[in-house]
Amino acid sequence: MASLTPVPADTAAASAPVVSVRAASKYYGAVHAVEGVDLDVGRGELFGLIGHNGAGKSTLFKLMLGLIPLTAGEIRIAGAAVTGGGFRAVRRRIGYLPENVVLYDNLTGLETLQFFARLKGVPARDCPSALERVGLADATGRRVREYSKGMRQRLGFAQALLGQPQILFLDEPTSGLDPEAIRDFYAILRDLRNQGVTMILSSHILAEIQERVDRLAIMSAGRIQAIGTVQALREQIDLPLWFDIRLAPADIDRVRAALVHLPITGMEAHSDRLAVQCQREAKMQVLETLARLDGMVLDLHVREPSLEDVFFGFSD
Amino acid sequence: MEFRQIATLAGKEFWDRIRNRWVLAVALVFTVFALVIAYFGGAQQGAVGFRSIEFTIASLVSLVIYLIPLIALILGFDAIVGERERGSLDLLLSMPLTRFELLLGKYLGLAAALAFSTVAGFGLVAVVLAPNLELSALYHYFGFMLSSVLLGMAFLSLAVMVSVFATDRTRASGMAIALWFFFVLVFDLLLLGALVVTGGRYGGEIFPYLLLANPADVFRILNIFALDDVRTLYGLATVFPRALAEPWLLGLVMLAWIAAPLGIATWRFRK
């Protein structure tokens, strides 16, 4: 999967943001489901919201869609306050896929889409192509009760795509999808992104999202703990990285001796390779040292900290 | 207000009930009960066969007053809470429609299904009985059908209100059953008890008005006061002033019973 060209955070926020969240809070009695969230998402940006279950992602989605009232703060979508009367017109340009949505068992896939198309004011003739787009062309006439979990999720996605929305809110969109379907799903998101569609999606599967979003926010306990590009987050938390160095077994001790005096934070010797851990600022020093060990290094692989590492760094 | 949205929601509710044969089942229940009552209602008196429209309507009223509120409450109790529980309510609310439109669309669709069942079920009986009936009798029977529809609408409105207030389906069903017990079984007993305890010294004048506080009683009064022969069968005629028994007035009270719970539901739903 090719990674997307990241949109720098400051560029996204500089032009008028499509989604603008200011000091948004939502309390349920003593429970602070969302607490002081600030967020700007620019046009055509693919934005990821990451967090454990119960971190406040779904509540934030509902706030951004005006489904529940804010306790404090303000949210604007395409310039309109989500709690205001002008938001109805904006809703026509929004697609939403709720988390764990259960659609109507007694309707067929096509009837389900036609129902939502009428509510959105979208021509019914658009429905078959939306089903085709998510790979349900063969199941249009089948009742939803016969659909698998993945098919239901795809139907929900087709619903969100109705009427060529300019803003998409996708809450855990890939839950229940197999790897192939996840790949297809992100291919559609890439197409949409190229058309300038703004997308916010949430997930708790970090590996899946990290190479695919422009920017992401890490949510924990109702707050945004960190926000930025994947690379910026990695640098911000300054987690160590790993070198995997493949060597001839005879060379291991010599390479080890060459590296010990460097500011490395860990080393593991194996039969034909060496794993070396160091902080980012020592990265070039290690590389230069390895380069001087003429011909000994057979192969080299640098492992950046994964988003999981970053995530646990922020949410712990 | 956008009527297309309301019609879309109402259409879905209505066709769901047609497709799962709910409408057919309820219409059949009404038809069978009405025919049995019309032909065998006098069996206790040793006679079998159709007697008179007054007798038939009076018997049907006693049946319908239990049955229709129950059917309407079962039909509507999960209208909103059911969507909430399956997670589709958020999706519906994210559509370009207001909460009032959502509520009204659901209500109208369910109301159409119930009204269709009622009219089809009892209407079929009217067709069967028609050869035995004079025009005035048919007129009374039509009035009975119309008031039955209104009774269903009123209790459906209460059901939809319950579906907005309840946090889950189980609670909603409990609240719906409680409403049925209160309006159909307990309310009259309470009034009667109050009259007897006070020896009729207090509240005698407001008693008829209190009856209007129960849509089931409004339905009863609507039907029995229209039939001269039946009025005397019920003790109610002695305590209920003739002036209050105007069909148009009672019809308005019924409409208020449809509008008020829906209004409260809308207020609550918006919060």
# chains A, B, ... in the order shown; residues from 1 in each chain; ligands from 1
$ closest_atom_pairs --of "chain A" --to "chain B" --cutoff "10 Å" --atoms "only C-alpha atoms" --output "Markdown table"
| residue | atom | partner | partner_atom | distance |
| --- | --- | --- | --- | --- |
| A:Lys62 | CA | B:Asp90 | CA | 7.9 |
| A:Leu65 | CA | B:Ser94 | CA | 6.5 |
| A:Gly66 | CA | B:Ser94 | CA | 7.8 |
| A:Leu67 | CA | B:Leu93 | CA | 6.6 |
| A:Ile68 | CA | B:Lys271 | CA | 8.9 |
| A:Pro69 | CA | B:Lys271 | CA | 8.4 |
| A:Gly85 | CA | B:Thr98 | CA | 9.8 |
| A:Phe87 | CA | B:Pro96 | CA | 8.4 |
| A:Arg88 | CA | B:Pro96 | CA | 5.2 |
| A:Ala89 | CA | B:Pro96 | CA | 6.9 |
| A:Val90 | CA | B:Pro96 | CA | 8.0 |
| A:Arg91 | CA | B:Pro96 | CA | 5.2 |
| A:Arg92 | CA | B:Pro96 | CA | 5.8 |
| A:Arg93 | CA | B:Pro96 | CA | 9.2 |
| A:Ile94 | CA | B:Ser94 | CA | 8.2 |
| A:Gly95 | CA | B:Ser94 | CA | 8.3 |
| A:Tyr96 | CA | B:Leu91 | CA | 6.9 |
| A:Leu97 | CA | B:Leu91 | CA | 7.3 |
| A:Pro98 | CA | B:Leu91 | CA | 6.5 |
| A:Glu99 | CA | B:Gly87 | CA | 7.9 |
| A:Asn100 | CA | B:Gly87 | CA | 7.0 |
| A:Val101 | CA | B:Gly87 | CA | 5.1 |
| A:Val102 | CA | B:Arg86 | CA | 5.5 |
| A:Leu103 | CA | B:Ser88 | CA | 6.5 |
| A:Tyr104 | CA | B:Ser88 | CA | 8.6 |
| A:Asn106 | CA | B:Asp16 | CA | 7.8 |
| A:Leu107 | CA | B:Asp16 | CA | 8.6 |
| A:Glu111 | CA | B:Lys12 | CA | 9.9 |
| A:Gln114 | CA | B:Thr8 | CA | 9.9 |
| A:Phe115 | CA | B:Thr8 | CA | 7.1 |
| A:Phe116 | CA | B:Met95 | CA | 8.2 |
| A:Ala117 | CA | B:Met95 | CA | 9.7 |
| A:Arg118 | CA | B:Thr8 | CA | 6.6 |
| A:Leu119 | CA | B:Gln5 | CA | 5.5 |
| A:Lys120 | CA | B:Met95 | CA | 6.1 |
| A:Gly121 | CA | B:Gln5 | CA | 8.5 |
| A:Gly156 | CA | B:Leu91 | CA | 9.7 |
| A:Gln159 | CA | B:Leu91 | CA | 9.7 |
| A:Ala160 | CA | B:Leu91 | CA | 9.4 |
$ residues_around --residues "region 44-57 of chain A" --least-positions-apart "3" --cutoff "9 Å" --atoms "only C-alpha atoms" --output "PyMOL selection string"
chain A and resi 6-7+12+18+32-35+41+60-62+166-167+171+189-190+192-206+209-210+212-223+311+315
$ write_last_selection --atoms "C-alpha atoms" --output "mmCIF file, in the first residue's frame"
data_model
loop_
_atom_site.group_PDB
_atom_site.id
_atom_site.type_symbol
_atom_site.label_atom_id
_atom_site.label_comp_id
_atom_site.auth_asym_id
_atom_site.auth_seq_id
_atom_site.Cartn_x
_atom_site.Cartn_y
_atom_site.Cartn_z
ATOM 1 C CA PRO A 6 1.181 13.993 4.176
ATOM 2 C CA VAL A 7 -0.383 17.391 4.388
ATOM 3 C CA ALA A 12 -4.318 22.118 6.713
ATOM 4 C CA VAL A 18 -13.851 22.304 7.045
ATOM 5 C CA HIS A 32 -16.132 13.689 31.201
ATOM 6 C CA ALA A 33 -16.582 11.838 27.910
ATOM 7 C CA VAL A 34 -14.915 14.621 25.905
ATOM 8 C CA GLU A 35 -12.822 17.305 27.572
ATOM 9 C CA VAL A 41 -9.376 19.491 9.692
ATOM 10 C CA LEU A 60 -16.592 13.342 19.602
ATOM 11 C CA PHE A 61 -18.086 12.076 16.318
ATOM 12 C CA LYS A 62 -21.599 12.590 17.649
ATOM 13 C CA GLN A 166 -17.921 16.532 0.751
ATOM 14 C CA ILE A 167 -17.280 15.498 4.359
ATOM 15 C CA ASP A 171 -16.479 5.660 13.035
ATOM 16 C CA LEU A 189 -10.754 6.735 0.501
ATOM 17 C CA ARG A 190 -7.719 7.626 -1.640
ATOM 18 C CA LEU A 192 -12.214 10.485 -2.482
ATOM 19 C CA ARG A 193 -9.241 12.333 -1.059
ATOM 20 C CA ASN A 194 -8.063 13.124 -4.578
ATOM 21 C CA GLN A 195 -11.496 14.574 -5.238
ATOM 22 C CA GLY A 196 -11.096 16.906 -2.269
ATOM 23 C CA VAL A 197 -13.362 15.068 0.147
ATOM 24 C CA THR A 198 -12.580 15.749 3.790
ATOM 25 C CA MET A 199 -12.561 12.609 5.932
ATOM 26 C CA ILE A 200 -12.332 11.871 9.614
ATOM 27 C CA LEU A 201 -12.074 8.240 10.563
ATOM 28 C CA SER A 202 -11.520 6.533 13.860
ATOM 29 C CA SER A 203 -9.854 3.283 14.684
ATOM 30 C CA HIS A 204 -8.233 1.415 17.500
ATOM 31 C CA ILE A 205 -6.141 -0.614 15.049
ATOM 32 C CA LEU A 206 -3.085 1.584 14.813
ATOM 33 C CA ILE A 209 -4.249 3.597 10.006
ATOM 34 C CA GLN A 210 -0.688 4.869 10.404
ATOM 35 C CA ARG A 212 -2.883 5.901 5.433
ATOM 36 C CA VAL A 213 -3.874 9.134 7.132
ATOM 37 C CA ASP A 214 -2.471 12.613 6.613
ATOM 38 C CA ARG A 215 -2.635 13.511 10.261
ATOM 39 C CA LEU A 216 -3.961 11.882 13.348
ATOM 40 C CA ALA A 217 -4.967 12.667 16.872
ATOM 41 C CA ILE A 218 -4.439 10.330 19.790
ATOM 42 C CA MET A 219 -7.382 10.393 22.172
ATOM 43 C CA SER A 220 -7.367 9.125 25.695
ATOM 44 C CA ALA A 221 -9.735 9.779 28.591
ATOM 45 C CA GLY A 222 -11.747 12.256 26.507
ATOM 46 C CA ARG A 223 -8.761 14.442 25.654
ATOM 47 C CA PHE A 311 0.315 5.548 21.061
ATOM 48 C CA SER A 315 -1.907 7.291 26.401
#
$ residues_around --residues "Ser129 (chain A)" --least-positions-apart "2" --cutoff "12 Å" --atoms "only C-alpha atoms" --output "PyMOL selection string"
chain A and resi 110+113-114+123-127+131-138+140+158-159+161-164
